[in-house]
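Visitor: Here's a structure for you.
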Amino acid sequence: MSYVTLQKQRRYWCKRTTKNENDTVGEGITTGLILVLGIISIINSIAMVVYSVALVINKQLILMELLRTLIIAGLLLAIGLGSLYFFRKKLRTLTRKKSPWEL
């Protein structure tokens with residue numbers, strides 16, 4: 001038996017997997033992780049801004065360091081709002097699959 005025929009036979013041994021439409025556990029985990037990422041990012045960005053402004057008011061931080069902190073907090077806020085947008089979009093598509101007449 002040659003190597004080529006053996007490879008052809010092995011190809012049919014493996015069962016091809018397809019996406020299961022009833023995979024609610026995977027959908028729930030993905031949706032939950034997106035929500036948690038968004039909430040943590042938004043909370044962290046708000047805490048960074050409040051802490052940095054408090055340090056500037058107490059004269060323990062110069063304004064250039066505040067600018068750097070605001071840029072990082074803005075990126076975190078963008079990530080958080082983007083993930084919450086995708087969570088909302090995913091939630092709406094899941095509810096429309098159940099009933100097309102509800103939003």
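Please note that chains go A, B, ... in the order of the structure tokens, that every chain numbers its residues from 1, and that ligands are numbered from 1 in the order shown.
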Using only C-alpha atoms, which protein or nucleic acid residues come within 8 Å of Leu84 (chain A)? Drop anything in the same chain fewer than 3 positions from it, and give the result as an MDAnalysis selection string.
Guide: chainID A and resid 34:35 38:39 80:81 87:88
Visitor: Selected residues, N, CA, C and O atoms, written as an mmCIF file, in the first residue's frame, please.
Guide:
data_model
loop_
_atom_site.group_PDB
_atom_site.id
_atom_site.type_symbol
_atom_site.label_atom_id
_atom_site.label_comp_id
_atom_site.auth_asym_id
_atom_site.auth_seq_id
_atom_site.Cartn_x
_atom_site.Cartn_y
_atom_site.Cartn_z
ATOM 1 N N ILE A 34 -17.336 38.907 26.337
ATOM 2 C CA ILE A 34 -17.380 40.235 25.716
ATOM 3 C C ILE A 34 -17.939 41.260 26.701
ATOM 4 O O ILE A 34 -17.415 42.371 26.821
ATOM 5 N N LEU A 35 -18.972 40.894 27.427
ATOM 6 C CA LEU A 35 -19.565 41.800 28.410
ATOM 7 C C LEU A 35 -18.590 42.104 29.542
ATOM 8 O O LEU A 35 -18.426 43.260 29.944
ATOM 9 N N GLY A 38 -15.822 44.472 28.415
ATOM 10 C CA GLY A 38 -16.305 45.840 28.296
ATOM 11 C C GLY A 38 -16.455 46.524 29.635
ATOM 12 O O GLY A 38 -16.037 47.674 29.816
ATOM 13 N N ILE A 39 -17.033 45.832 30.598
ATOM 14 C CA ILE A 39 -17.256 46.426 31.916
ATOM 15 C C ILE A 39 -15.931 46.711 32.617
ATOM 16 O O ILE A 39 -15.727 47.788 33.179
ATOM 17 N N GLY A 80 -13.694 49.249 25.755
ATOM 18 C CA GLY A 80 -14.871 48.900 26.559
ATOM 19 C C GLY A 80 -16.174 49.210 25.846
ATOM 20 O O GLY A 80 -17.093 48.392 25.822
ATOM 21 N N LEU A 81 -16.263 50.384 25.234
ATOM 22 C CA LEU A 81 -17.501 50.739 24.524
ATOM 23 C C LEU A 81 -17.698 49.876 23.282
ATOM 24 O O LEU A 81 -18.823 49.513 22.949
ATOM 25 N N PHE A 87 -21.584 43.272 22.294
ATOM 26 C CA PHE A 87 -22.457 42.493 23.173
ATOM 27 C C PHE A 87 -23.912 42.797 22.868
ATOM 28 O O PHE A 87 -24.740 41.893 22.769
ATOM 29 N N ARG A 88 -24.232 44.080 22.710
ATOM 30 C CA ARG A 88 -25.611 44.472 22.407
ATOM 31 C C ARG A 88 -26.054 43.931 21.054
ATOM 32 O O ARG A 88 -27.178 43.445 20.894
#
Visitor: Choose the residue, out of A:Phe86, A:Ile29, A:Thr95, A:Leu66, that has the smallest atom-to-atom separation from Met48 (chain A); count only C-alpha atoms.
Guide: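 Residue with the minimum atom-to-atom distance to Met48 (chain A): A:Leu66.
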Visitor: Residues within 12 Å of Ser52 (chain A), please, as a PDB file with all heavy atoms, in the first residue's frame. Count only C-alpha atoms; anything in the same chain fewer than 3 positions from it doesn't count.
Guide:
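Output file result-v9.pdb is given in full below:
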ATOM      1  N   SER A  45     -10.772  52.511  33.027  1.00  0.00           N
ATOM      2  CA  SER A  45     -10.457  53.816  32.440  1.00  0.00           C
ATOM      3  C   SER A  45     -10.977  54.958  33.308  1.00  0.00           C
ATOM      4  O   SER A  45     -10.292  55.966  33.496  1.00  0.00           O
ATOM      5  CB  SER A  45     -11.031  53.911  31.023  1.00  0.00           C
ATOM      6  OG  SER A  45     -12.439  53.926  31.062  1.00  0.00           O
ATOM      7  N   ILE A  46     -12.160  54.805  33.861  1.00  0.00           N
ATOM      8  CA  ILE A  46     -12.709  55.845  34.741  1.00  0.00           C
ATOM      9  C   ILE A  46     -11.868  55.982  36.004  1.00  0.00           C
ATOM     10  O   ILE A  46     -11.556  57.092  36.444  1.00  0.00           O
ATOM     11  CB  ILE A  46     -14.193  55.540  35.073  1.00  0.00           C
ATOM     12  CG1 ILE A  46     -15.049  55.694  33.821  1.00  0.00           C
ATOM     13  CG2 ILE A  46     -14.698  56.453  36.190  1.00  0.00           C
ATOM     14  CD1 ILE A  46     -16.455  55.211  33.981  1.00  0.00           C
ATOM     15  N   ALA A  47     -11.438  54.849  36.572  1.00  0.00           N
ATOM     16  CA  ALA A  47     -10.617  54.894  37.785  1.00  0.00           C
ATOM     17  C   ALA A  47      -9.264  55.543  37.505  1.00  0.00           C
ATOM     18  O   ALA A  47      -8.757  56.309  38.341  1.00  0.00           O
ATOM     19  CB  ALA A  47     -10.428  53.486  38.331  1.00  0.00           C
ATOM     20  N   MET A  48      -8.680  55.270  36.346  1.00  0.00           N
ATOM     21  CA  MET A  48      -7.395  55.883  36.004  1.00  0.00           C
ATOM     22  C   MET A  48      -7.512  57.396  35.885  1.00  0.00           C
ATOM     23  O   MET A  48      -6.655  58.138  36.365  1.00  0.00           O
ATOM     24  CB  MET A  48      -6.870  55.307  34.678  1.00  0.00           C
ATOM     25  CG  MET A  48      -6.247  53.950  34.802  1.00  0.00           C
ATOM     26  SD  MET A  48      -5.756  53.258  33.214  1.00  0.00           S
ATOM     27  CE  MET A  48      -4.614  54.473  32.620  1.00  0.00           C
ATOM     28  N   VAL A  49      -8.575  57.855  35.239  1.00  0.00           N
ATOM     29  CA  VAL A  49      -8.754  59.297  35.063  1.00  0.00           C
ATOM     30  C   VAL A  49      -8.989  59.978  36.411  1.00  0.00           C
ATOM     31  O   VAL A  49      -8.388  61.019  36.704  1.00  0.00           O
ATOM     32  CB  VAL A  49      -9.911  59.580  34.082  1.00  0.00           C
ATOM     33  CG1 VAL A  49     -10.292  61.047  34.092  1.00  0.00           C
ATOM     34  CG2 VAL A  49      -9.539  59.136  32.685  1.00  0.00           C
ATOM     35  N   LEU A  55      -4.300  63.281  41.629  1.00  0.00           N
ATOM     36  CA  LEU A  55      -2.867  63.528  41.830  1.00  0.00           C
ATOM     37  C   LEU A  55      -2.437  64.877  41.272  1.00  0.00           C
ATOM     38  O   LEU A  55      -1.568  65.543  41.838  1.00  0.00           O
ATOM     39  CB  LEU A  55      -2.045  62.412  41.190  1.00  0.00           C
ATOM     40  CG  LEU A  55      -2.048  61.062  41.913  1.00  0.00           C
ATOM     41  CD1 LEU A  55      -1.226  60.050  41.154  1.00  0.00           C
ATOM     42  CD2 LEU A  55      -1.532  61.210  43.333  1.00  0.00           C
ATOM     43  N   VAL A  56      -3.034  65.304  40.162  1.00  0.00           N
ATOM     44  CA  VAL A  56      -2.708  66.621  39.613  1.00  0.00           C
ATOM     45  C   VAL A  56      -3.191  67.716  40.554  1.00  0.00           C
ATOM     46  O   VAL A  56      -2.498  68.722  40.762  1.00  0.00           O
ATOM     47  CB  VAL A  56      -3.314  66.789  38.200  1.00  0.00           C
ATOM     48  CG1 VAL A  56      -3.263  68.232  37.748  1.00  0.00           C
ATOM     49  CG2 VAL A  56      -2.572  65.904  37.212  1.00  0.00           C
ATOM     50  N   ILE A  57      -4.346  67.559  41.132  1.00  0.00           N
ATOM     51  CA  ILE A  57      -4.880  68.559  42.063  1.00  0.00           C
ATOM     52  C   ILE A  57      -3.989  68.666  43.304  1.00  0.00           C
ATOM     53  O   ILE A  57      -3.746  69.754  43.816  1.00  0.00           O
ATOM     54  CB  ILE A  57      -6.336  68.226  42.436  1.00  0.00           C
ATOM     55  CG1 ILE A  57      -7.230  68.449  41.221  1.00  0.00           C
ATOM     56  CG2 ILE A  57      -6.814  69.060  43.610  1.00  0.00           C
ATOM     57  CD1 ILE A  57      -8.645  67.989  41.398  1.00  0.00           C
ATOM     58  N   ASN A  58      -3.446  67.544  43.752  1.00  0.00           N
ATOM     59  CA  ASN A  58      -2.557  67.556  44.921  1.00  0.00           C
ATOM     60  C   ASN A  58      -1.117  67.929  44.563  1.00  0.00           C
ATOM     61  O   ASN A  58      -0.238  67.839  45.402  1.00  0.00           O
ATOM     62  CB  ASN A  58      -2.565  66.200  45.613  1.00  0.00           C
ATOM     63  CG  ASN A  58      -3.872  65.928  46.314  1.00  0.00           C
ATOM     64  OD1 ASN A  58      -4.562  66.849  46.723  1.00  0.00           O
ATOM     65  ND2 ASN A  58      -4.212  64.661  46.439  1.00  0.00           N
ATOM     66  N   LYS A  59      -0.860  68.284  43.301  1.00  0.00           N
ATOM     67  CA  LYS A  59       0.458  68.712  42.815  1.00  0.00           C
ATOM     68  C   LYS A  59       1.523  67.609  42.926  1.00  0.00           C
ATOM     69  O   LYS A  59       2.689  67.880  43.079  1.00  0.00           O
ATOM     70  CB  LYS A  59       0.960  69.951  43.544  1.00  0.00           C
ATOM     71  CG  LYS A  59       0.038  71.117  43.501  1.00  0.00           C
ATOM     72  CD  LYS A  59       0.046  71.760  42.146  1.00  0.00           C
ATOM     73  CE  LYS A  59      -0.804  73.033  42.238  1.00  0.00           C
ATOM     74  NZ  LYS A  59      -1.395  73.397  41.023  1.00  0.00           N
ATOM     75  N   GLN A  60       1.102  66.363  42.834  1.00  0.00           N
ATOM     76  CA  GLN A  60       2.060  65.263  42.872  1.00  0.00           C
ATOM     77  C   GLN A  60       2.307  64.682  41.479  1.00  0.00           C
ATOM     78  O   GLN A  60       3.072  63.755  41.314  1.00  0.00           O
ATOM     79  CB  GLN A  60       1.559  64.161  43.799  1.00  0.00           C
ATOM     80  CG  GLN A  60       1.462  64.594  45.230  1.00  0.00           C
ATOM     81  CD  GLN A  60       0.890  63.503  46.102  1.00  0.00           C
ATOM     82  OE1 GLN A  60       0.542  62.447  45.618  1.00  0.00           O
ATOM     83  NE2 GLN A  60       0.806  63.771  47.392  1.00  0.00           N
ATOM     84  N   LEU A  61       1.624  65.219  40.487  1.00  0.00           N
ATOM     85  CA  LEU A  61       1.748  64.699  39.125  1.00  0.00           C
ATOM     86  C   LEU A  61       1.786  65.887  38.170  1.00  0.00           C
ATOM     87  O   LEU A  61       1.010  66.827  38.310  1.00  0.00           O
ATOM     88  CB  LEU A  61       0.539  63.801  38.807  1.00  0.00           C
ATOM     89  CG  LEU A  61       0.526  63.023  37.522  1.00  0.00           C
ATOM     90  CD1 LEU A  61       1.563  61.917  37.577  1.00  0.00           C
ATOM     91  CD2 LEU A  61      -0.831  62.398  37.302  1.00  0.00           C
ATOM     92  N   ILE A  62       2.698  65.847  37.205  1.00  0.00           N
ATOM     93  CA  ILE A  62       2.755  66.949  36.245  1.00  0.00           C
ATOM     94  C   ILE A  62       1.765  66.697  35.123  1.00  0.00           C
ATOM     95  O   ILE A  62       1.270  65.584  34.938  1.00  0.00           O
ATOM     96  CB  ILE A  62       4.191  67.135  35.698  1.00  0.00           C
ATOM     97  CG1 ILE A  62       4.672  65.870  34.995  1.00  0.00           C
ATOM     98  CG2 ILE A  62       5.144  67.519  36.802  1.00  0.00           C
ATOM     99  CD1 ILE A  62       6.012  66.033  34.315  1.00  0.00           C
ATOM    100  N   LEU A  63       1.461  67.711  34.352  1.00  0.00           N
ATOM    101  CA  LEU A  63       0.410  67.625  33.349  1.00  0.00           C
ATOM    102  C   LEU A  63       0.767  66.697  32.188  1.00  0.00           C
ATOM    103  O   LEU A  63      -0.118  66.104  31.569  1.00  0.00           O
ATOM    104  CB  LEU A  63       0.078  69.026  32.824  1.00  0.00           C
ATOM    105  CG  LEU A  63      -0.644  69.923  33.821  1.00  0.00           C
ATOM    106  CD1 LEU A  63      -0.866  71.294  33.221  1.00  0.00           C
ATOM    107  CD2 LEU A  63      -1.955  69.310  34.242  1.00  0.00           C
ATOM    108  N   MET A  64       2.050  66.549  31.875  1.00  0.00           N
ATOM    109  CA  MET A  64       2.429  65.639  30.786  1.00  0.00           C
ATOM    110  C   MET A  64       2.116  64.187  31.134  1.00  0.00           C
ATOM    111  O   MET A  64       1.716  63.407  30.285  1.00  0.00           O
ATOM    112  CB  MET A  64       3.925  65.787  30.451  1.00  0.00           C
ATOM    113  CG  MET A  64       4.251  67.077  29.740  1.00  0.00           C
ATOM    114  SD  MET A  64       3.307  67.302  28.212  1.00  0.00           S
ATOM    115  CE  MET A  64       4.015  66.040  27.209  1.00  0.00           C
ATOM    116  N   GLU A  65       2.295  63.820  32.383  1.00  0.00           N
ATOM    117  CA  GLU A  65       1.939  62.470  32.810  1.00  0.00           C
ATOM    118  C   GLU A  65       0.420  62.288  32.804  1.00  0.00           C
ATOM    119  O   GLU A  65      -0.076  61.203  32.546  1.00  0.00           O
ATOM    120  CB  GLU A  65       2.517  62.186  34.187  1.00  0.00           C
ATOM    121  CG  GLU A  65       4.023  62.089  34.189  1.00  0.00           C
ATOM    122  CD  GLU A  65       4.591  61.848  35.567  1.00  0.00           C
ATOM    123  OE1 GLU A  65       3.819  61.566  36.490  1.00  0.00           O
ATOM    124  OE2 GLU A  65       5.818  61.949  35.704  1.00  0.00           O
ATOM    125  N   LEU A  66      -0.308  63.365  33.085  1.00  0.00           N
ATOM    126  CA  LEU A  66      -1.767  63.295  33.003  1.00  0.00           C
ATOM    127  C   LEU A  66      -2.207  63.059  31.569  1.00  0.00           C
ATOM    128  O   LEU A  66      -3.139  62.280  31.327  1.00  0.00           O
ATOM    129  CB  LEU A  66      -2.396  64.582  33.551  1.00  0.00           C
ATOM    130  CG  LEU A  66      -3.920  64.661  33.442  1.00  0.00           C
ATOM    131  CD1 LEU A  66      -4.553  63.618  34.344  1.00  0.00           C
ATOM    132  CD2 LEU A  66      -4.406  66.039  33.798  1.00  0.00           C
ATOM    133  N   LEU A  67      -1.547  63.694  30.620  1.00  0.00           N
ATOM    134  CA  LEU A  67      -1.886  63.501  29.216  1.00  0.00           C
ATOM    135  C   LEU A  67      -1.670  62.062  28.781  1.00  0.00           C
ATOM    136  O   LEU A  67      -2.502  61.473  28.090  1.00  0.00           O
ATOM    137  CB  LEU A  67      -1.061  64.455  28.341  1.00  0.00           C
ATOM    138  CG  LEU A  67      -1.307  64.379  26.841  1.00  0.00           C
ATOM    139  CD1 LEU A  67      -2.735  64.816  26.536  1.00  0.00           C
ATOM    140  CD2 LEU A  67      -0.307  65.215  26.099  1.00  0.00           C
ATOM    141  N   ARG A  68      -0.554  61.486  29.202  1.00  0.00           N
ATOM    142  CA  ARG A  68      -0.272  60.087  28.864  1.00  0.00           C
ATOM    143  C   ARG A  68      -1.328  59.159  29.476  1.00  0.00           C
ATOM    144  O   ARG A  68      -1.810  58.231  28.835  1.00  0.00           O
ATOM    145  CB  ARG A  68       1.126  59.717  29.350  1.00  0.00           C
ATOM    146  CG  ARG A  68       1.539  58.329  28.976  1.00  0.00           C
ATOM    147  CD  ARG A  68       2.934  58.022  29.371  1.00  0.00           C
ATOM    148  NE  ARG A  68       3.306  58.698  30.621  1.00  0.00           N
ATOM    149  CZ  ARG A  68       4.530  58.757  31.079  1.00  0.00           C
ATOM    150  NH1 ARG A  68       5.505  58.217  30.392  1.00  0.00           N
ATOM    151  NH2 ARG A  68       4.797  59.349  32.213  1.00  0.00           N
ATOM    152  N   THR A  69      -1.704  59.440  30.720  1.00  0.00           N
ATOM    153  CA  THR A  69      -2.728  58.632  31.382  1.00  0.00           C
ATOM    154  C   THR A  69      -4.079  58.781  30.683  1.00  0.00           C
ATOM    155  O   THR A  69      -4.813  57.804  30.539  1.00  0.00           O
ATOM    156  CB  THR A  69      -2.852  59.039  32.852  1.00  0.00           C
ATOM    157  OG1 THR A  69      -1.565  58.971  33.453  1.00  0.00           O
ATOM    158  CG2 THR A  69      -3.789  58.129  33.600  1.00  0.00           C
ATOM    159  N   LEU A  70      -4.395  59.988  30.234  1.00  0.00           N
ATOM    160  CA  LEU A  70      -5.662  60.204  29.538  1.00  0.00           C
ATOM    161  C   LEU A  70      -5.702  59.479  28.195  1.00  0.00           C
ATOM    162  O   LEU A  70      -6.763  58.986  27.780  1.00  0.00           O
ATOM    163  CB  LEU A  70      -5.913  61.698  29.350  1.00  0.00           C
ATOM    164  CG  LEU A  70      -6.261  62.487  30.606  1.00  0.00           C
ATOM    165  CD1 LEU A  70      -6.413  63.955  30.275  1.00  0.00           C
ATOM    166  CD2 LEU A  70      -7.513  61.941  31.247  1.00  0.00           C
ATOM    167  N   ILE A  71      -4.571  59.397  27.514  1.00  0.00           N
ATOM    168  CA  ILE A  71      -4.532  58.666  26.245  1.00  0.00           C
ATOM    169  C   ILE A  71      -4.774  57.183  26.476  1.00  0.00           C
ATOM    170  O   ILE A  71      -5.571  56.547  25.772  1.00  0.00           O
ATOM    171  CB  ILE A  71      -3.190  58.916  25.528  1.00  0.00           C
ATOM    172  CG1 ILE A  71      -3.118  60.356  25.040  1.00  0.00           C
ATOM    173  CG2 ILE A  71      -3.001  57.945  24.362  1.00  0.00           C
ATOM    174  CD1 ILE A  71      -1.762  60.750  24.506  1.00  0.00           C
ATOM    175  N   ILE A  72      -4.127  56.621  27.478  1.00  0.00           N
ATOM    176  CA  ILE A  72      -4.324  55.199  27.783  1.00  0.00           C
ATOM    177  C   ILE A  72      -5.750  54.942  28.243  1.00  0.00           C
ATOM    178  O   ILE A  72      -6.382  53.956  27.859  1.00  0.00           O
ATOM    179  CB  ILE A  72      -3.298  54.736  28.834  1.00  0.00           C
ATOM    180  CG1 ILE A  72      -1.894  54.801  28.237  1.00  0.00           C
ATOM    181  CG2 ILE A  72      -3.601  53.329  29.320  1.00  0.00           C
ATOM    182  CD1 ILE A  72      -0.790  54.567  29.228  1.00  0.00           C
ATOM    183  N   ALA A  73      -6.283  55.837  29.066  1.00  0.00           N
ATOM    184  CA  ALA A  73      -7.667  55.683  29.531  1.00  0.00           C
ATOM    185  C   ALA A  73      -8.643  55.805  28.366  1.00  0.00           C
ATOM    186  O   ALA A  73      -9.663  55.112  28.325  1.00  0.00           O
ATOM    187  CB  ALA A  73      -7.979  56.717  30.599  1.00  0.00           C
TER     188      ALA A  73
END
Visitor: Report the distance between CA of Ala78 (chain A) and CA of Gly32 (chain A) in Å, rounded to one decimal place.
Guide: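 Interatomic distance, CA of Ala78 (chain A) to CA of Gly32 (chain A): 18.4 Å.
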Visitor: Given the choices A:Gly82, A:Thr93, A:Glu27, A:Leu76, which gets closest to Ile42 (chain A) if the distance is worked out from only C-alpha atoms?
Guide: A:Leu76
